[in-house]
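The block underneath contains the structure these notes are about, expressed in structure tokens.
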Amino acid sequence: MPTPIPQAAAAEAPAADAFDVRAFRNALGSSPTGVAIITTTGADGTPVGLTCNSFSSVSLDPPLVSWGLRVNSKSLEAFRQSKAFAINILAEDQKDLSGRFASSSIVDKFEGVAWRRGLQQLPVIEECVATFECTKFAEHLAGDHVLFLGQVAKFDHGRHEDSLVFYKGAYMMLTQSLRELAARGRMDPKNLDQARRLVNCMLLRLACENGQQQDFDAIERNILEIEGYTDPVDREKRAEASLEFFRLITKAAHNEVLVVVSDTLTNILRQVLKAESLLKYRPELVPVRKKILGHLRERNADEAELEMTCYFDEMRRGAAAIAAAASAARGTP
């Protein structure tokens, strides 16, 4: 004889037809997810790809990852027949790629897209934050999706930029919007400079208070790295190492909230540097960095902030001089 359900429990158990699928989807959307393009090769060698935000890690040993695909997807058979697939994690500036590979109206999604052949001739998209080339480990039917598990055979983490994130039915657009403004030349450099000064001086004070010996040692190694990039061909490496100087100060502050703010400003600055081509060797900044480090080790926040202000003053003077020279070369009054 079946055990009767207690009245209180019966009241809490919803009827099967009362399950609100839309509300369930909205609830799932409250958790931000990364955006990836999953690629494979069809039976005839044609590249196949689609946008996905269900990618997740499963295991470190062996290295396993997973993602899901709707059972009514037109691409399902290609992924079922293939023995491998690649997961391409998109950066914030690759939002257009996400839309392209999600569109059902675009027949050749790879047209005009930079990609290369990888493991087992997999199409691997260039300039992604990370890529994982996988052999198929298993696949399981799970409701209205097929769950694919892949064993990572090769991976690359090439770009040091924020990933494109999907949240509550939309992309998280704060940093992306600011970066687009910078790329279009619609962001006042004075506003960016002022924001970076305020945030980095605040971080510097916290680093004087919270920084540990290993934090300061890492900054010293970074300064030596910057000094080594004197050749003009190293301009991009030098710029990235210079941005790393500020990231290390942020890390030494040990404040997770300000880390997010600082990383956002750093990514915007990276876009500005690309747009304005201001990647010039500035040897006069090397002693300033060393003075900042010295004050950090001494826990002297006032002197450290003073040197940081000098650093930004010198940066702005240099940028103005380069802009003026470029304007003169173009014959602009």
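Each chain in the structure tokens gets a letter, A, B, ..., in the order shown, and its residues are numbered from 1; ligands are numbered from 1 in order too.
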Secondary structure check, strand (DSSP E) residues of range 18-147 of chain A, as a PyMOL selection string: chain A and resi 33-34+36-41+47-52+56-60+63-70+84-89+115-117+123-125+130-142+145-147
Residues within 10 Å of Leu248 in chain A, only C-alpha atoms, excluding chain neighbours under 3 positions, as number ranges by chain: A: 207, 215-216, 218-220, 222, 243-245, 251-253
Output file for the residues above (N, CA and C atoms, as a JSON list (two decimals), in the first residue's frame):
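Just written: result-v2.json:
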```
[["chain", "number", "residue", "atom", "x", "y", "z"],
["A", 207, "ALA", "N", 47.78, 48.94, -1.31],
["A", 207, "ALA", "CA", 48.93, 48.06, -1.48],
["A", 207, "ALA", "C", 49.99, 48.33, -0.42],
["A", 215, "ASP", "N", 54.25, 40.10, -3.30],
["A", 215, "ASP", "CA", 53.62, 41.07, -4.21],
["A", 215, "ASP", "C", 54.64, 42.07, -4.72],
["A", 216, "PHE", "N", 55.46, 42.58, -3.81],
["A", 216, "PHE", "CA", 56.47, 43.58, -4.18],
["A", 216, "PHE", "C", 57.57, 42.95, -5.04],
["A", 218, "ALA", "N", 57.12, 40.55, -7.15],
["A", 218, "ALA", "CA", 56.54, 40.39, -8.49],
["A", 218, "ALA", "C", 56.58, 41.71, -9.25],
["A", 219, "ILE", "N", 56.33, 42.82, -8.57],
["A", 219, "ILE", "CA", 56.40, 44.14, -9.21],
["A", 219, "ILE", "C", 57.83, 44.44, -9.66],
["A", 220, "GLU", "N", 58.79, 44.07, -8.83],
["A", 220, "GLU", "CA", 60.20, 44.29, -9.20],
["A", 220, "GLU", "C", 60.58, 43.49, -10.45],
["A", 222, "ASN", "N", 58.58, 42.59, -12.75],
["A", 222, "ASN", "CA", 57.88, 43.23, -13.87],
["A", 222, "ASN", "C", 58.64, 44.45, -14.38],
["A", 243, "LEU", "N", 51.13, 47.57, -18.60],
["A", 243, "LEU", "CA", 49.81, 47.39, -18.02],
["A", 243, "LEU", "C", 49.86, 46.38, -16.86],
["A", 244, "GLU", "N", 50.75, 45.39, -17.00],
["A", 244, "GLU", "CA", 50.91, 44.40, -15.94],
["A", 244, "GLU", "C", 51.41, 45.05, -14.65],
["A", 245, "PHE", "N", 52.21, 46.12, -14.78],
["A", 245, "PHE", "CA", 52.69, 46.87, -13.61],
["A", 245, "PHE", "C", 51.51, 47.32, -12.75],
["A", 251, "LYS", "N", 46.73, 43.79, -7.54],
["A", 251, "LYS", "CA", 46.78, 42.52, -6.81],
["A", 251, "LYS", "C", 47.31, 42.72, -5.40],
["A", 252, "ALA", "N", 48.33, 43.59, -5.27],
["A", 252, "ALA", "CA", 48.93, 43.84, -3.95],
["A", 252, "ALA", "C", 47.96, 44.54, -3.01],
["A", 253, "ALA", "N", 46.94, 45.22, -3.56],
["A", 253, "ALA", "CA", 45.97, 45.91, -2.72],
["A", 253, "ALA", "C", 45.05, 44.93, -2.00]]
```
Just want the 10 Å neighbourhood of Glu126 in chain A, counted on only C-alpha atoms, with same-chain residues fewer than 3 positions away dropped. Output as a PDB file with all heavy atoms, in the first residue's frame.
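Writing done, so here's result.pdb:
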```
ATOM      1  N   ASN A  88      35.780  27.665 -28.375  1.00  0.00           N
ATOM      2  CA  ASN A  88      36.449  28.956 -28.557  1.00  0.00           C
ATOM      3  C   ASN A  88      35.787  29.985 -27.641  1.00  0.00           C
ATOM      4  O   ASN A  88      34.649  30.403 -27.893  1.00  0.00           O
ATOM      5  CB  ASN A  88      36.341  29.404 -30.013  1.00  0.00           C
ATOM      6  CG  ASN A  88      36.822  28.345 -30.994  1.00  0.00           C
ATOM      7  OD1 ASN A  88      37.977  28.322 -31.362  1.00  0.00           O
ATOM      8  ND2 ASN A  88      35.923  27.447 -31.420  1.00  0.00           N
ATOM      9  N   LEU A  90      34.958  33.456 -26.279  1.00  0.00           N
ATOM     10  CA  LEU A  90      34.992  34.783 -26.898  1.00  0.00           C
ATOM     11  C   LEU A  90      35.396  35.877 -25.924  1.00  0.00           C
ATOM     12  O   LEU A  90      35.067  35.839 -24.736  1.00  0.00           O
ATOM     13  CB  LEU A  90      33.618  35.115 -27.482  1.00  0.00           C
ATOM     14  CG  LEU A  90      33.103  34.194 -28.592  1.00  0.00           C
ATOM     15  CD1 LEU A  90      31.768  34.711 -29.113  1.00  0.00           C
ATOM     16  CD2 LEU A  90      34.115  34.053 -29.715  1.00  0.00           C
ATOM     17  N   VAL A 113      35.667  35.268 -41.346  1.00  0.00           N
ATOM     18  CA  VAL A 113      36.122  35.039 -39.969  1.00  0.00           C
ATOM     19  C   VAL A 113      37.537  34.467 -39.997  1.00  0.00           C
ATOM     20  O   VAL A 113      37.828  33.541 -40.775  1.00  0.00           O
ATOM     21  CB  VAL A 113      35.177  34.071 -39.235  1.00  0.00           C
ATOM     22  CG1 VAL A 113      35.709  33.751 -37.839  1.00  0.00           C
ATOM     23  CG2 VAL A 113      33.774  34.656 -39.150  1.00  0.00           C
ATOM     24  N   ALA A 114      38.423  35.010 -39.165  1.00  0.00           N
ATOM     25  CA  ALA A 114      39.792  34.506 -39.095  1.00  0.00           C
ATOM     26  C   ALA A 114      39.823  33.205 -38.296  1.00  0.00           C
ATOM     27  O   ALA A 114      39.457  33.186 -37.118  1.00  0.00           O
ATOM     28  CB  ALA A 114      40.700  35.538 -38.439  1.00  0.00           C
ATOM     29  N   TRP A 115      40.231  32.123 -38.953  1.00  0.00           N
ATOM     30  CA  TRP A 115      40.315  30.842 -38.264  1.00  0.00           C
ATOM     31  C   TRP A 115      41.404  29.996 -38.908  1.00  0.00           C
ATOM     32  O   TRP A 115      41.885  30.297 -39.990  1.00  0.00           O
ATOM     33  CB  TRP A 115      38.967  30.106 -38.307  1.00  0.00           C
ATOM     34  CG  TRP A 115      38.467  29.749 -39.671  1.00  0.00           C
ATOM     35  CD1 TRP A 115      37.837  30.575 -40.561  1.00  0.00           C
ATOM     36  CD2 TRP A 115      38.560  28.471 -40.323  1.00  0.00           C
ATOM     37  NE1 TRP A 115      37.520  29.900 -41.708  1.00  0.00           N
ATOM     38  CE2 TRP A 115      37.946  28.604 -41.604  1.00  0.00           C
ATOM     39  CE3 TRP A 115      39.076  27.226 -39.949  1.00  0.00           C
ATOM     40  CZ2 TRP A 115      37.860  27.535 -42.499  1.00  0.00           C
ATOM     41  CZ3 TRP A 115      38.986  26.161 -40.838  1.00  0.00           C
ATOM     42  CH2 TRP A 115      38.389  26.317 -42.093  1.00  0.00           C
ATOM     43  N   ARG A 116      41.801  28.935 -38.217  1.00  0.00           N
ATOM     44  CA  ARG A 116      42.847  28.039 -38.701  1.00  0.00           C
ATOM     45  C   ARG A 116      42.440  26.600 -38.410  1.00  0.00           C
ATOM     46  O   ARG A 116      41.527  26.348 -37.620  1.00  0.00           O
ATOM     47  CB  ARG A 116      44.180  28.344 -38.005  1.00  0.00           C
ATOM     48  CG  ARG A 116      44.107  28.232 -36.490  1.00  0.00           C
ATOM     49  CD  ARG A 116      45.437  28.489 -35.818  1.00  0.00           C
ATOM     50  NE  ARG A 116      45.291  28.541 -34.374  1.00  0.00           N
ATOM     51  CZ  ARG A 116      45.199  27.468 -33.586  1.00  0.00           C
ATOM     52  NH1 ARG A 116      45.245  26.237 -34.123  1.00  0.00           N
ATOM     53  NH2 ARG A 116      45.064  27.600 -32.281  1.00  0.00           N
ATOM     54  N   PRO A 123      38.247  23.481 -37.013  1.00  0.00           N
ATOM     55  CA  PRO A 123      38.351  24.925 -37.207  1.00  0.00           C
ATOM     56  C   PRO A 123      38.493  25.629 -35.857  1.00  0.00           C
ATOM     57  O   PRO A 123      37.639  25.484 -34.979  1.00  0.00           O
ATOM     58  CB  PRO A 123      37.032  25.295 -37.895  1.00  0.00           C
ATOM     59  CG  PRO A 123      36.092  24.188 -37.555  1.00  0.00           C
ATOM     60  CD  PRO A 123      36.901  22.957 -37.296  1.00  0.00           C
ATOM     61  N   VAL A 129      39.821  34.462 -26.266  1.00  0.00           N
ATOM     62  CA  VAL A 129      40.450  34.493 -24.949  1.00  0.00           C
ATOM     63  C   VAL A 129      41.117  33.153 -24.655  1.00  0.00           C
ATOM     64  O   VAL A 129      42.228  33.089 -24.126  1.00  0.00           O
ATOM     65  CB  VAL A 129      39.401  34.820 -23.866  1.00  0.00           C
ATOM     66  CG1 VAL A 129      39.999  34.632 -22.470  1.00  0.00           C
ATOM     67  CG2 VAL A 129      38.906  36.250 -24.031  1.00  0.00           C
ATOM     68  N   ALA A 130      40.441  32.068 -24.998  1.00  0.00           N
ATOM     69  CA  ALA A 130      40.995  30.728 -24.804  1.00  0.00           C
ATOM     70  C   ALA A 130      40.354  29.781 -25.799  1.00  0.00           C
ATOM     71  O   ALA A 130      39.229  30.012 -26.260  1.00  0.00           O
ATOM     72  CB  ALA A 130      40.751  30.238 -23.375  1.00  0.00           C
ATOM     73  N   THR A 131      41.070  28.728 -26.154  1.00  0.00           N
ATOM     74  CA  THR A 131      40.519  27.680 -27.005  1.00  0.00           C
ATOM     75  C   THR A 131      40.861  26.326 -26.409  1.00  0.00           C
ATOM     76  O   THR A 131      41.944  26.146 -25.839  1.00  0.00           O
ATOM     77  CB  THR A 131      41.075  27.748 -28.439  1.00  0.00           C
ATOM     78  OG1 THR A 131      42.509  27.697 -28.404  1.00  0.00           O
ATOM     79  CG2 THR A 131      40.642  29.024 -29.127  1.00  0.00           C
ATOM     80  N   GLY A 158      45.531  32.743 -24.973  1.00  0.00           N
ATOM     81  CA  GLY A 158      46.378  33.740 -25.595  1.00  0.00           C
ATOM     82  C   GLY A 158      46.115  35.177 -25.206  1.00  0.00           C
ATOM     83  O   GLY A 158      47.047  35.962 -25.082  1.00  0.00           O
TER      84      GLY A 158
END
```
Shell of 10 Å around Val152 in chain A, only C-alpha atoms, local chain residues under 3 positions omitted, as a list in words: Leu60, Pro62, Pro63, Leu64, Val65, Ala84, Phe85, Ala86, Ile87, Thr131, Phe132, Glu133, Cys134, Thr135, Lys136, Phe137, Leu149 and Phe155 of chain A
Distance criterion (only C-alpha atoms): nearest to Phe148 in chain A out of A:Val286, A:Leu69, A:Val259, A:Val233: A:Leu69
Residues within 9 Å of Gln121 in chain A, only C-alpha atoms, excluding chain neighbours under 4 positions, as a ChimeraX atom specification: /A:40-41,45,116-117
Take the residues that were just selected and, keeping N, CA, C and O atoms, output them as an mmCIF file, in the first residue's frame.
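This went into again-v7.cif:
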```
data_model
loop_
_atom_site.group_PDB
_atom_site.id
_atom_site.type_symbol
_atom_site.label_atom_id
_atom_site.label_comp_id
_atom_site.auth_asym_id
_atom_site.auth_seq_id
_atom_site.Cartn_x
_atom_site.Cartn_y
_atom_site.Cartn_z
ATOM 1 N N THR A 40 33.363 22.216 -35.191
ATOM 2 C CA THR A 40 33.781 20.869 -35.584
ATOM 3 C C THR A 40 33.857 20.839 -37.109
ATOM 4 O O THR A 40 33.654 21.865 -37.775
ATOM 5 N N THR A 41 34.136 19.678 -37.656
ATOM 6 C CA THR A 41 34.220 19.515 -39.104
ATOM 7 C C THR A 41 33.187 18.506 -39.557
ATOM 8 O O THR A 41 33.062 17.415 -38.972
ATOM 9 N N GLY A 45 34.196 17.682 -44.657
ATOM 10 C CA GLY A 45 35.298 18.586 -44.359
ATOM 11 C C GLY A 45 34.897 20.025 -44.156
ATOM 12 O O GLY A 45 35.743 20.881 -43.856
ATOM 13 N N ARG A 116 41.801 28.935 -38.217
ATOM 14 C CA ARG A 116 42.847 28.039 -38.701
ATOM 15 C C ARG A 116 42.440 26.600 -38.410
ATOM 16 O O ARG A 116 41.527 26.348 -37.620
ATOM 17 N N ARG A 117 43.133 25.663 -39.031
ATOM 18 C CA ARG A 117 42.902 24.258 -38.778
ATOM 19 C C ARG A 117 43.735 23.819 -37.562
ATOM 20 O O ARG A 117 44.915 24.142 -37.470
#
```
Range 39-151 of chain A: residues DSSP assigns to helix (DSSP H, G or I), reported as a list in words: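 Filtering range 39-151 of chain A down to helix (DSSP H, G or I) leaves Leu76, Glu77, Ala78, Phe79, Arg80, Gln81, Glu92, Asp93, Gln94, Lys95, Asp96, Leu97, Ser98, Gly99, Arg100, Phe101, Ala102, Leu119, Gln120 and Gln121 of chain A.
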Could you write out that same residue set with C-alpha atoms as a tab-separated table (two decimals), in the first residue's frame?
```
chain	number	residue	atom	x	y	z
A	76	LEU	CA	23.43	18.14	-34.06
A	77	GLU	CA	24.23	15.38	-36.55
A	78	ALA	CA	27.57	16.94	-37.47
A	79	PHE	CA	28.66	16.98	-33.82
A	80	ARG	CA	27.36	13.47	-33.22
A	81	GLN	CA	29.31	12.07	-36.16
A	92	GLU	CA	34.29	41.12	-25.03
A	93	ASP	CA	35.15	42.63	-28.41
A	94	GLN	CA	33.91	39.50	-30.24
A	95	LYS	CA	30.21	40.10	-29.62
A	96	ASP	CA	29.59	40.24	-33.37
A	97	LEU	CA	31.01	36.73	-33.76
A	98	SER	CA	28.60	35.49	-31.12
A	99	GLY	CA	25.66	36.91	-33.06
A	100	ARG	CA	26.98	35.61	-36.37
A	101	PHE	CA	27.31	32.00	-35.21
A	102	ALA	CA	23.94	32.16	-33.45
A	119	LEU	CA	43.57	19.13	-33.95
A	120	GLN	CA	42.02	16.64	-36.40
A	121	GLN	CA	41.48	19.55	-38.81
```
One-decimal distance in Å that lies between CA of Ile223 in chain A and CA of Glu307 in chain A: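 So the answer is 15.2 Å.
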Straight-line distance linking CA of Arg197 in chain A with CA of Leu293 in chain A, stated in Å to one decimal: 16.8 Å
Interatomic distance (Å, one decimal) between CA of Asn200 in chain A and CA of Glu236 in chain A: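 Here the two named atoms are 22.0 Å from each other.
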From A:Phe110, A:Tyr311, A:Trp67, A:Leu198, residue lying nearest Ala142 in chain A [only C-alpha atoms]: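 Among A:Phe110, A:Tyr311, A:Trp67, A:Leu198, it is A:Trp67 that comes nearest to Ala142 in chain A.
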